[in-house]
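*Asks:* protein03.txt is reproduced in full below (compact mmCIF, C-alpha atoms).
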# COMPACT_ATOMS: atom_id res chain seq x y z
CA MET A 1 3.01 14.24 -4.98
CA THR A 2 2.53 14.84 -1.27
CA LYS A 3 5.54 15.23 0.98
CA SER A 4 7.50 12.08 1.70
CA LEU A 5 5.88 9.79 4.27
CA ILE A 6 6.74 6.52 5.95
CA ALA A 7 4.48 3.71 4.78
CA VAL A 8 4.12 0.96 7.38
CA LEU A 9 2.65 -2.14 5.75
CA ASP A 10 1.35 -5.21 7.50
CA VAL A 11 2.51 -8.40 5.74
CA ASP A 12 0.43 -11.36 6.94
CA GLY A 13 -3.01 -11.05 5.36
CA THR A 14 -2.34 -7.67 3.74
CA LEU A 15 0.37 -8.57 1.24
CA ILE A 16 0.31 -12.36 1.66
CA ASP A 17 -2.93 -14.37 1.49
CA SER A 18 -2.47 -16.13 4.82
CA ASN A 19 -5.33 -15.28 7.18
CA TYR A 20 -7.35 -18.44 6.68
CA HIS A 21 -4.23 -20.57 6.81
CA HIS A 22 -3.40 -19.07 10.19
CA ALA A 23 -6.95 -19.66 11.44
CA LEU A 24 -6.62 -23.32 10.48
CA ALA A 25 -3.18 -23.51 12.06
CA TRP A 26 -4.57 -22.15 15.32
CA TYR A 27 -7.46 -24.61 15.18
CA ARG A 28 -5.07 -27.52 14.76
CA ALA A 29 -2.69 -26.22 17.42
CA LEU A 30 -5.42 -25.79 20.01
CA ARG A 31 -6.90 -29.16 19.17
CA SER A 32 -3.48 -30.74 19.74
CA VAL A 33 -3.61 -29.52 23.38
CA GLY A 34 -7.18 -30.66 23.93
CA GLU A 35 -9.02 -27.44 23.06
CA ILE A 36 -11.52 -27.22 20.22
CA TRP A 37 -12.73 -23.78 19.20
CA PRO A 38 -14.83 -22.85 16.15
CA VAL A 39 -12.65 -21.74 13.27
CA TRP A 40 -14.80 -18.64 12.74
CA GLN A 41 -13.92 -17.43 16.24
CA LEU A 42 -10.25 -17.96 15.53
CA HIS A 43 -10.53 -16.12 12.22
CA ARG A 44 -11.99 -13.09 13.99
CA LEU A 45 -8.76 -12.81 15.98
CA ILE A 46 -6.27 -13.27 13.13
CA GLY A 47 -4.18 -10.14 12.86
CA MET A 48 -3.88 -9.97 16.62
CA GLY A 49 -0.50 -11.17 17.84
CA GLY A 50 -0.16 -14.70 19.15
CA ASP A 51 0.94 -13.33 22.51
CA GLN A 52 -2.56 -11.92 22.95
CA LEU A 53 -4.76 -14.21 20.87
CA VAL A 54 -5.17 -17.08 23.32
CA THR A 55 -6.24 -14.77 26.14
CA ALA A 56 -8.62 -12.92 23.80
CA LEU A 57 -10.11 -16.27 22.79
CA GLY A 58 -10.59 -17.94 26.16
CA GLY A 59 -9.37 -15.66 28.91
CA GLU A 60 -6.49 -15.91 31.34
CA ASP A 61 -7.39 -19.49 32.27
CA LEU A 62 -6.92 -20.74 28.70
CA GLU A 63 -3.70 -18.79 28.37
CA ARG A 64 -2.34 -20.22 31.60
CA ARG A 65 -3.21 -23.80 30.69
CA VAL A 66 -2.23 -24.02 27.03
CA GLY A 67 -0.90 -20.67 25.78
CA ASP A 68 2.76 -21.47 25.32
CA ARG A 69 2.15 -24.97 23.95
CA ALA A 70 -0.51 -23.73 21.54
CA ARG A 71 1.72 -20.94 20.21
CA GLU A 72 4.61 -23.31 19.66
CA GLN A 73 2.40 -25.79 17.82
CA GLN A 74 0.71 -23.05 15.81
CA GLY A 75 4.10 -22.08 14.45
CA ARG A 76 4.70 -25.65 13.31
CA GLU A 77 1.25 -25.88 11.76
CA ALA A 78 1.83 -22.61 9.91
CA ASP A 79 5.20 -23.92 8.70
CA ALA A 80 3.38 -26.79 7.02
CA LEU A 81 1.09 -24.35 5.18
CA LEU A 82 3.71 -21.84 4.04
CA ASP A 83 3.89 -23.21 0.51
CA GLU A 84 0.15 -22.53 0.11
CA MET A 85 0.46 -18.88 1.17
CA ALA A 86 0.91 -16.60 -1.83
CA PRO A 87 1.10 -12.85 -2.47
CA LEU A 88 -2.27 -11.17 -2.92
CA PRO A 89 -2.99 -9.56 -6.30
CA GLY A 90 -0.83 -6.48 -6.78
CA ALA A 91 1.12 -6.90 -3.54
CA ARG A 92 4.58 -6.36 -5.01
CA ASP A 93 3.24 -3.68 -7.36
CA LEU A 94 2.01 -1.79 -4.30
CA LEU A 95 5.49 -1.85 -2.76
CA LEU A 96 7.01 -0.57 -5.98
CA ALA A 97 4.37 2.14 -6.41
CA ILE A 98 4.94 3.44 -2.89
CA LYS A 99 8.69 3.58 -3.40
CA GLU A 100 8.33 5.23 -6.83
CA ARG A 101 6.48 8.06 -5.08
CA GLY A 102 9.51 8.69 -2.87
CA HIS A 103 8.14 7.33 0.38
CA ARG A 104 10.13 5.23 2.82
CA MET A 105 8.63 1.86 3.71
CA VAL A 106 8.75 -0.68 6.52
CA LEU A 107 7.08 -4.08 6.32
CA ALA A 108 5.72 -4.41 9.85
CA SER A 109 5.01 -8.02 10.71
CA SER A 110 4.53 -9.57 14.14
CA GLY A 111 5.07 -13.00 12.62
CA LYS A 112 7.92 -15.33 13.46
CA GLU A 113 11.23 -14.45 11.85
CA ARG A 114 11.27 -17.58 9.69
CA HIS A 115 7.81 -16.75 8.36
CA VAL A 116 8.75 -13.14 7.65
CA ASP A 117 11.81 -14.38 5.76
CA ALA A 118 9.60 -16.66 3.65
CA PHE A 119 7.18 -13.81 2.90
CA LEU A 120 9.99 -11.45 1.91
CA ASP A 121 11.14 -14.09 -0.56
CA LYS A 122 7.62 -14.61 -1.92
CA LEU A 123 7.30 -10.86 -2.47
CA ASP A 124 10.89 -10.44 -3.69
CA ALA A 125 10.83 -7.43 -1.40
CA ARG A 126 14.26 -7.30 0.23
CA ASP A 127 15.54 -4.70 -2.23
CA ILE A 128 12.33 -2.67 -2.11
CA ALA A 129 11.52 -2.25 1.58
CA ASP A 130 13.72 0.00 3.68
CA ASP A 131 13.37 -2.38 6.61
CA TRP A 132 11.05 -4.93 8.20
CA THR A 133 10.09 -6.30 11.60
CA SER A 134 9.14 -9.60 13.21
CA SER A 135 7.82 -10.80 16.55
CA ALA A 136 11.41 -10.72 17.85
CA ASP A 137 11.30 -6.91 17.76
CA VAL A 138 8.43 -6.33 20.21
CA GLU A 139 7.10 -7.50 23.55
CA ALA A 140 3.45 -6.69 22.84
CA SER A 141 1.93 -7.23 19.41
CA LYS A 142 -1.15 -5.73 17.73
CA PRO A 143 -3.50 -4.20 18.68
CA ALA A 144 -0.79 -2.62 20.85
CA PRO A 145 1.05 0.09 18.88
CA ASP A 146 4.53 -1.21 19.76
CA LEU A 147 5.18 -2.78 16.35
CA LEU A 148 4.42 0.47 14.55
CA HIS A 149 6.67 2.41 16.91
CA VAL A 150 9.45 -0.08 16.21
CA ALA A 151 8.85 0.26 12.47
CA LEU A 152 9.48 4.00 12.69
CA LYS A 153 12.46 3.50 14.97
CA LYS A 154 13.99 1.14 12.39
CA LEU A 155 14.29 4.15 10.09
CA GLY A 156 15.49 6.47 12.82
CA ALA A 157 12.17 8.34 12.77
CA PRO A 158 10.38 9.74 15.85
CA PRO A 159 7.02 8.32 17.00
CA ASP A 160 5.19 11.33 15.54
CA ALA A 161 6.80 11.08 12.08
CA ALA A 162 4.42 11.52 9.15
CA SER A 163 3.33 8.00 8.35
CA VAL A 164 0.51 5.82 7.05
CA MET A 165 -0.43 2.25 7.97
CA VAL A 166 -1.70 -0.28 5.41
CA GLY A 167 -3.35 -3.33 6.97
CA ASP A 168 -6.23 -5.77 6.67
CA SER A 169 -7.82 -6.14 10.10
CA VAL A 170 -9.47 -4.16 12.85
CA TRP A 171 -6.39 -4.99 14.94
CA ASP A 172 -4.20 -3.18 12.41
CA VAL A 173 -6.49 -0.16 12.50
CA GLU A 174 -6.57 -0.13 16.29
CA ALA A 175 -2.77 -0.33 16.47
CA ALA A 176 -2.48 2.49 13.93
CA LYS A 177 -4.93 4.64 15.88
CA ARG A 178 -2.93 4.14 19.07
CA ALA A 179 0.25 5.04 17.18
CA GLY A 180 -1.33 8.16 15.68
CA MET A 181 -1.27 6.86 12.10
CA PRO A 182 -4.10 6.92 9.56
CA ALA A 183 -4.92 3.41 8.35
CA ILE A 184 -5.74 2.24 4.84
CA VAL A 185 -7.22 -1.26 4.70
CA VAL A 186 -7.55 -4.07 2.18
CA ARG A 187 -10.50 -6.39 2.70
CA SER A 188 -8.52 -9.65 2.74
CA GLY A 189 -8.82 -9.79 6.53
CA GLY A 190 -12.46 -10.77 6.13
CA PHE A 191 -13.83 -8.02 8.37
CA GLY A 192 -16.95 -6.07 7.47
CA ASP A 193 -16.67 -2.58 6.02
CA ASP A 194 -18.65 -1.19 8.93
CA GLU A 195 -16.27 -2.75 11.45
CA LEU A 196 -13.22 -1.38 9.68
CA ARG A 197 -14.69 2.09 9.31
CA ASP A 198 -15.89 2.12 12.92
CA ALA A 199 -12.36 1.16 13.97
CA GLY A 200 -11.07 4.20 12.07
CA ALA A 201 -9.99 3.05 8.59
CA ILE A 202 -9.79 6.02 6.24
CA ALA A 203 -10.18 3.99 3.02
CA LEU A 204 -10.99 0.40 1.99
CA TYR A 205 -9.88 -1.58 -1.07
CA ASP A 206 -10.47 -5.16 -2.17
CA THR A 207 -6.84 -5.99 -2.94
CA PRO A 208 -3.41 -4.36 -3.01
CA ARG A 209 -3.90 -4.04 -6.79
CA ASP A 210 -7.00 -1.92 -6.23
CA LEU A 211 -5.07 0.26 -3.81
CA VAL A 212 -2.32 0.75 -6.41
CA LYS A 213 -4.91 2.00 -8.89
CA ALA A 214 -6.28 4.46 -6.34
CA LEU A 215 -3.00 5.45 -4.70
CA ASP A 216 -3.20 9.02 -5.98
CA ASP A 217 -6.38 9.45 -3.94
CA THR A 218 -4.67 8.49 -0.67
CA PRO A 219 -2.09 10.15 1.59
CA LEU A 220 0.49 8.04 -0.27
CA ALA A 221 -0.08 9.88 -3.56
What do you get writing this file as structure tokens?

*Replies:*
Amino acid sequence: MTKSLIAVLDVDGTLIDSNYHHALAWYRALRSVGEIWPVWQLHRLIGMGGDQLVTALGGEDLERRVGDRAREQQGREADALLDEMAPLPGARDLLLAIKERGHRMVLASSGKERHVDAFLDKLDARDIADDWTSSADVEASKPAPDLLHVALKKLGAPPDAASVMVGDSVWDVEAAKRAGMPAIVVRSGGFGDDELRDAGAIALYDTPRDLVKALDDTPLA
């Protein structure tokens, strides 16, 4: 086994199958404030924090006009879809495998606290993870590295502590790169392999279960 590391795992989309639900929730939220955007464009931004998504989608003008209202409604729309969001294959097994190898682990989510609580329950992860985060912990979400810095701080570790990020989107990889962490990616984010590799992903797997099977070939061995 390699020396003990800190594994920082994204939750939404990486452990929980939720990306397309969130894309639909954003579509419905924006439509409720008079803005209709193609779902595929919204999907391309899932994994980026809601504090940045509206500006990334339509610029400062869209953010100024509807940002706060859209975010509030998106949360309600996501609430209505929570029951349909389920753990991805092997998600809990991945958490257990990482802990069995002696690594510390933080579930790093920029989601709303109530959603993170629901996901922790779905994963039965409260007794496995060393800690977890939510949007309440940071001012700037991914692709900013703040969430990953907070994840390390939760364990009393310095920003340069030996760590690895597991995510599902180019935004996760970008945040990891800015935080100085290598990033392992599962393909559930719907991004192309070339995009993920160009962003800096060191390895790609279809599902958390596939990552578990290959864990000995990663820094988390």

*Asks:* Give me the residues near A:Ala23 as a list in words, where near means some atom within 9 Å (using only C-alpha atoms) and where sequence neighbours in that chain fewer than 6 positions away do not count.

*Replies:*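 Selected residues are Val39, Trp40, Gln41, Leu42, His43, Arg44, Leu45 and Ile46 of chain A.
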
*Asks:* Between A:Ala91, A:Ala157, A:Ala70, A:Val54, single out the one closest to A:Gly13, counting all atoms listed in the file.

*Replies:*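 Looking at the shortest contact to A:Gly13, the residue is A:Ala91.
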
*Asks:* Which residues come within 12 Å of stretch 112-127 of chain A, counting all atoms listed in the file, excluding same-chain residues fewer than 5 positions away, as a count of residues only?

*Replies:* 50

*Asks:* One decimal, in Å: what's the spacing between atom CA of A:Asp193 and atom CA of A:Gly167?

*Replies:*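 Here the two named atoms are 13.4 Å from each other.
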
*Asks:* One decimal, Å: what's the distance from atom CA of A:Ala97 over to atom CA of A:Ala221, could you say?

*Replies:* 9.4 Å

*Asks:* Can you measure atom CA of A:Pro182 to atom CA of A:Ser4 for me? One decimal in Å is fine.

*Replies:*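 Separating atom CA of A:Pro182 from atom CA of A:Ser4 is a distance of 14.9 Å.
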
*Asks:* Taking all atoms listed in the file into account, name the residue in A:Ser109, A:Gln73, A:Gln52, A:Asn19 that is nearest to A:Val166.

*Replies:* A:Ser109

*Asks:* Using only C-alpha atoms, which protein or nucleic acid residues come within 10 Å of A:Gly180? Drop anything in the same chain fewer than 2 positions from it, and give the result as a ChimeraX atom specification.

*Replies:* /A:145,148-149,159-165,174-178,182-183
